[in-house]
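Participant: This structure is in structure tokens; I'll ask about it shortly.
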Amino acid sequence: GQEARTQSYTHKSYALGVHVTLEAQQDDPHGITRWLTRSGGGLAKTGIYTMESNAMDTFNTYLTSGTLFSQGGTGYALLSTTHARIDGGTWSNRPASALDISIEALEFMTSHWMVNQLNQRGQVTMTTPKTLLVGANDGPLTHRLVETTGRRPQGADNDINYMDRFSLDIIVHPLMTNDGRWLALGPKGEHKLNYFERMKPDVLKLPDGDNGNMRFYAIFRESHGATGAENVWGSP
């Protein structure tokens with residue numbers, strides 16, 4: 001069936017280079033030039049950092065504002081309480097108000113997910129969350145909440161830890177905006193978040209004239225975005 005949805009991907013090409021004279025190449029007792037220009041060296045590391053930063057762009061820039069995709073003439077960010085469906089209804093993948101991560105918030109997420117993750121015809125998708133994505137400040141608490149087996153964390157009673165049965169993976173990403181936002185993602189293949197490596201980071205070596213001087217470029221190309229918000233849930 002038709003989804004009447006338009007995606008907007010961000011395409012990026014990056015290059016960073018240095019010019020190294022023949023003398024600098026030859027008179028390099030500490031190997032600085034060799035380290036900077038070799039595969040996996042200094043130039044390549046700047047490209048890898050930029051790739052990681054771009055991978056977080058969907059969660060940092062388009063979480064609740066901007067247009068990640070359009071449907072029915074309306075632009076949508078990743079999280080919304082009123083995502084459109086082609087049957088005329090809406091569905092939600094966030095709480096009405098932001099929730100700090102806690103055992104109560106995680107339990108709310110699972111129940112909200114089960115009844116509000118709908119397909120374009122308004123049918124429950126019957127999926128479950130697989131991965132939690134949090135910022136650095138929420139990392140330690142998230143691990144304690146999810147990985148405490150048996151007893152429910154943050155309590156003195158003998159209730160079970162309901163989250164234990166989901167076997168959630170945890171990603172604590174240092175480049176995600178560290179303001180308390182957190183997300184739950186479905187398994188790969190079920191969510192619609194995408195990151196494409198058009199050209200893997202590489203260091204190109206080119207002659208600069210006929211005098212032995214060289215130019216070195218770290219270069220890569222990538223595209224990122226989402227074709228929809230299904231099987232993603234988050235609290236901004």
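Ordering of the structure tokens sets the chain letters (A, B, ...); residue numbers start at 1 within each chain; ligands are numbered from 1 in the order shown.
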Write out as a ChimeraX atom specification each polymer residue whose atoms come within 8 Å of A:Arg215, counting only C-alpha atoms; drop sequence neighbours fewer than 2 positions from it.

Facilitator: /A:17-20,205-208,213,217

Participant: Can I get the selected residues back with N, CA, C and O atoms, as a PDB file, in the first residue's frame?

Facilitator:
ATOM      1  N   GLY A  17      42.995  18.047   3.997  1.00  0.00           N
ATOM      2  CA  GLY A  17      44.283  17.697   3.437  1.00  0.00           C
ATOM      3  C   GLY A  17      45.431  18.509   3.983  1.00  0.00           C
ATOM      4  O   GLY A  17      45.242  19.547   4.627  1.00  0.00           O
ATOM      5  N   VAL A  18      46.630  18.000   3.734  1.00  0.00           N
ATOM      6  CA  VAL A  18      47.854  18.706   4.101  1.00  0.00           C
ATOM      7  C   VAL A  18      48.823  18.629   2.924  1.00  0.00           C
ATOM      8  O   VAL A  18      48.776  17.698   2.107  1.00  0.00           O
ATOM      9  N   HIS A  19      49.643  19.648   2.832  1.00  0.00           N
ATOM     10  CA  HIS A  19      50.716  19.706   1.838  1.00  0.00           C
ATOM     11  C   HIS A  19      52.021  19.443   2.577  1.00  0.00           C
ATOM     12  O   HIS A  19      52.330  20.124   3.572  1.00  0.00           O
ATOM     13  N   VAL A  20      52.777  18.445   2.119  1.00  0.00           N
ATOM     14  CA  VAL A  20      54.016  18.063   2.793  1.00  0.00           C
ATOM     15  C   VAL A  20      55.164  18.157   1.786  1.00  0.00           C
ATOM     16  O   VAL A  20      55.138  17.497   0.728  1.00  0.00           O
ATOM     17  N   LYS A 205      46.837   9.946  -1.569  1.00  0.00           N
ATOM     18  CA  LYS A 205      48.187  10.485  -1.683  1.00  0.00           C
ATOM     19  C   LYS A 205      48.410  10.902  -3.127  1.00  0.00           C
ATOM     20  O   LYS A 205      48.339  10.070  -4.043  1.00  0.00           O
ATOM     21  N   LEU A 206      48.652  12.211  -3.343  1.00  0.00           N
ATOM     22  CA  LEU A 206      48.798  12.746  -4.692  1.00  0.00           C
ATOM     23  C   LEU A 206      50.072  13.585  -4.786  1.00  0.00           C
ATOM     24  O   LEU A 206      50.407  14.324  -3.855  1.00  0.00           O
ATOM     25  N   PRO A 207      50.792  13.494  -5.904  1.00  0.00           N
ATOM     26  CA  PRO A 207      51.975  14.347  -6.074  1.00  0.00           C
ATOM     27  C   PRO A 207      51.570  15.804  -6.235  1.00  0.00           C
ATOM     28  O   PRO A 207      50.530  16.121  -6.809  1.00  0.00           O
ATOM     29  N   ASP A 208      52.390  16.683  -5.697  1.00  0.00           N
ATOM     30  CA  ASP A 208      52.147  18.122  -5.816  1.00  0.00           C
ATOM     31  C   ASP A 208      53.281  18.718  -6.644  1.00  0.00           C
ATOM     32  O   ASP A 208      54.269  19.239  -6.119  1.00  0.00           O
ATOM     33  N   ASN A 213      57.212  16.969  -3.562  1.00  0.00           N
ATOM     34  CA  ASN A 213      56.198  17.365  -2.578  1.00  0.00           C
ATOM     35  C   ASN A 213      54.924  16.544  -2.790  1.00  0.00           C
ATOM     36  O   ASN A 213      54.621  16.108  -3.907  1.00  0.00           O
ATOM     37  N   TYR A 217      45.065  13.691   1.444  1.00  0.00           N
ATOM     38  CA  TYR A 217      43.680  14.048   1.738  1.00  0.00           C
ATOM     39  C   TYR A 217      42.990  12.900   2.473  1.00  0.00           C
ATOM     40  O   TYR A 217      43.054  11.746   2.026  1.00  0.00           O
TER      41      TYR A 217
END

Participant: Taking the backbone alone, and naming residues the way the document does, which bits of stretch 33-219 of chain A are helix (DSSP H, G or I) by DSSP, as number ranges by chain?

Facilitator: A: 33-37, 42-55, 57-60, 103-116, 136-147, 162-166

Participant: Counting only C-alpha atoms, which residues of stretch 72-116 of chain A fall within 10 Å of stretch 154-159 of chain A, and what is the closest atom pair for each with its distance in Å at one decimal, ordered by chain and rising number, as a Markdown table?

Facilitator:
| residue | atom | partner | partner_atom | distance |
| --- | --- | --- | --- | --- |
| A:Ser102 | CA | A:Gln154 | CA | 8.6 |
| A:Ile103 | CA | A:Gln154 | CA | 7.5 |
| A:Glu104 | CA | A:Gln154 | CA | 9.7 |

Participant: Limited to N, CA, C and O atoms, could you put the picked residues into a file as a compact mmCIF listing (two decimals), in the first residue's frame?

Facilitator:
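So selection.txt came out as:
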# COMPACT_ATOMS: atom_id res chain seq x y z
N SER A 102 14.30 6.41 34.32
CA SER A 102 14.11 5.78 35.62
C SER A 102 13.45 4.44 35.36
O SER A 102 13.04 4.14 34.24
N ILE A 103 13.30 3.63 36.39
CA ILE A 103 12.65 2.34 36.18
C ILE A 103 11.19 2.54 35.80
O ILE A 103 10.64 1.84 34.94
N GLU A 104 10.55 3.57 36.38
CA GLU A 104 9.16 3.85 36.01
C GLU A 104 9.05 4.32 34.56
O GLU A 104 8.12 3.94 33.84

Participant: Mind dumping a table of every stretch 55-115 of chain A residue within 8 Å of stretch 7-15 of chain A, with the nearest atom pair and its distance in Å to one decimal, using only C-alpha atoms, sorted by chain and rising number, as a tab-separated table?

Facilitator:
residue	atom	partner	partner_atom	distance
A:Thr67	CA	A:Ser8	CA	7.6
A:Leu68	CA	A:Ser8	CA	5.9
A:Phe69	CA	A:Gln7	CA	4.4
A:Ser70	CA	A:Gln7	CA	6.4

Participant: Let's have the selection written as a short mmCIF file (atom, residue, chain, number, x, y, z; two decimals), in the first residue's frame, with N, CA and C atoms.

Facilitator:
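The result, written out as selection_20.cif:
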data_model
loop_
_atom_site.label_atom_id
_atom_site.label_comp_id
_atom_site.auth_asym_id
_atom_site.auth_seq_id
_atom_site.Cartn_x
_atom_site.Cartn_y
_atom_site.Cartn_z
N THR A 67 12.54 18.90 9.86
CA THR A 67 11.80 17.94 9.05
C THR A 67 12.71 16.78 8.65
N LEU A 68 12.43 15.62 9.23
CA LEU A 68 13.16 14.41 8.89
C LEU A 68 12.50 13.69 7.72
N PHE A 69 11.18 13.74 7.69
CA PHE A 69 10.41 13.23 6.55
C PHE A 69 9.08 13.97 6.52
N SER A 70 8.40 13.91 5.39
CA SER A 70 7.11 14.58 5.22
C SER A 70 6.04 13.57 4.86
#

Participant: Using only C-alpha atoms, determine which residues lie at most 7 Å from stretch 175-179 of chain A, disregarding the query and same-chain residues fewer than 5 positions distant; provide the list as a VMD selection string.

Facilitator: chain A and resid 53 56 60 135 to 137

Participant: Please produce a file of those selected residues containing N, CA, C and O atoms, as a PDB file, in the first residue's frame.

Facilitator:
ATOM      1  N   SER A  53      29.853  11.969  14.568  1.00  0.00           N
ATOM      2  CA  SER A  53      29.046  13.149  14.851  1.00  0.00           C
ATOM      3  C   SER A  53      27.838  13.212  13.927  1.00  0.00           C
ATOM      4  O   SER A  53      26.714  13.507  14.355  1.00  0.00           O
ATOM      5  N   MET A  56      24.943  10.929  14.784  1.00  0.00           N
ATOM      6  CA  MET A  56      24.089  11.404  15.871  1.00  0.00           C
ATOM      7  C   MET A  56      23.200  12.566  15.455  1.00  0.00           C
ATOM      8  O   MET A  56      22.351  13.015  16.218  1.00  0.00           O
ATOM      9  N   ASN A  60      20.257  14.417  17.491  1.00  0.00           N
ATOM     10  CA  ASN A  60      20.596  15.711  18.081  1.00  0.00           C
ATOM     11  C   ASN A  60      19.836  16.870  17.442  1.00  0.00           C
ATOM     12  O   ASN A  60      19.439  17.817  18.129  1.00  0.00           O
ATOM     13  N   GLY A 135      22.731   9.499  26.527  1.00  0.00           N
ATOM     14  CA  GLY A 135      23.924  10.321  26.622  1.00  0.00           C
ATOM     15  C   GLY A 135      24.815   9.883  27.766  1.00  0.00           C
ATOM     16  O   GLY A 135      24.458   9.007  28.570  1.00  0.00           O
ATOM     17  N   ALA A 136      25.975  10.524  27.868  1.00  0.00           N
ATOM     18  CA  ALA A 136      26.982  10.101  28.838  1.00  0.00           C
ATOM     19  C   ALA A 136      26.492  10.176  30.273  1.00  0.00           C
ATOM     20  O   ALA A 136      26.770   9.282  31.088  1.00  0.00           O
ATOM     21  N   ASN A 137      25.759  11.235  30.619  1.00  0.00           N
ATOM     22  CA  ASN A 137      25.325  11.391  32.005  1.00  0.00           C
ATOM     23  C   ASN A 137      24.353  10.310  32.451  1.00  0.00           C
ATOM     24  O   ASN A 137      24.297   9.963  33.641  1.00  0.00           O
TER      25      ASN A 137
END

Participant: Using only C-alpha atoms, which residues sit within 7 Å of stretch 76-83 of chain A once same-chain residues fewer than 4 positions away are excluded, as a ChimeraX atom specification?

Facilitator: /A:62-70,90-94,96,229,234

Participant: Now that the selection is made, can you save its residues with C-alpha atoms as a PDB file, in the first residue's frame?

Facilitator:
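Result file is selection31.pdb:
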ATOM      1  CA  TYR A  62      15.826  16.297  14.286  1.00  0.00           C
ATOM      2  CA  LEU A  63      14.557  14.751  17.510  1.00  0.00           C
ATOM      3  CA  THR A  64      11.590  17.092  18.022  1.00  0.00           C
ATOM      4  CA  SER A  65      12.142  19.872  15.469  1.00  0.00           C
ATOM      5  CA  GLY A  66      13.029  20.218  11.819  1.00  0.00           C
ATOM      6  CA  THR A  67      11.802  17.936   9.046  1.00  0.00           C
ATOM      7  CA  LEU A  68      13.163  14.408   8.889  1.00  0.00           C
ATOM      8  CA  PHE A  69      10.411  13.227   6.553  1.00  0.00           C
ATOM      9  CA  SER A  70       7.114  14.584   5.224  1.00  0.00           C
ATOM     10  CA  THR A  90      -2.275   9.345  14.112  1.00  0.00           C
ATOM     11  CA  TRP A  91       0.183   7.507  16.314  1.00  0.00           C
ATOM     12  CA  SER A  92       2.701   8.521  18.968  1.00  0.00           C
ATOM     13  CA  ASN A  93       6.278   7.529  19.736  1.00  0.00           C
ATOM     14  CA  ARG A  94       6.974   9.793  22.715  1.00  0.00           C
ATOM     15  CA  ALA A  96       3.303  13.868  26.275  1.00  0.00           C
ATOM     16  CA  ALA A 229       9.705   6.887  12.750  1.00  0.00           C
ATOM     17  CA  GLY A 234      12.073   8.526  22.780  1.00  0.00           C
TER      18      GLY A 234
END
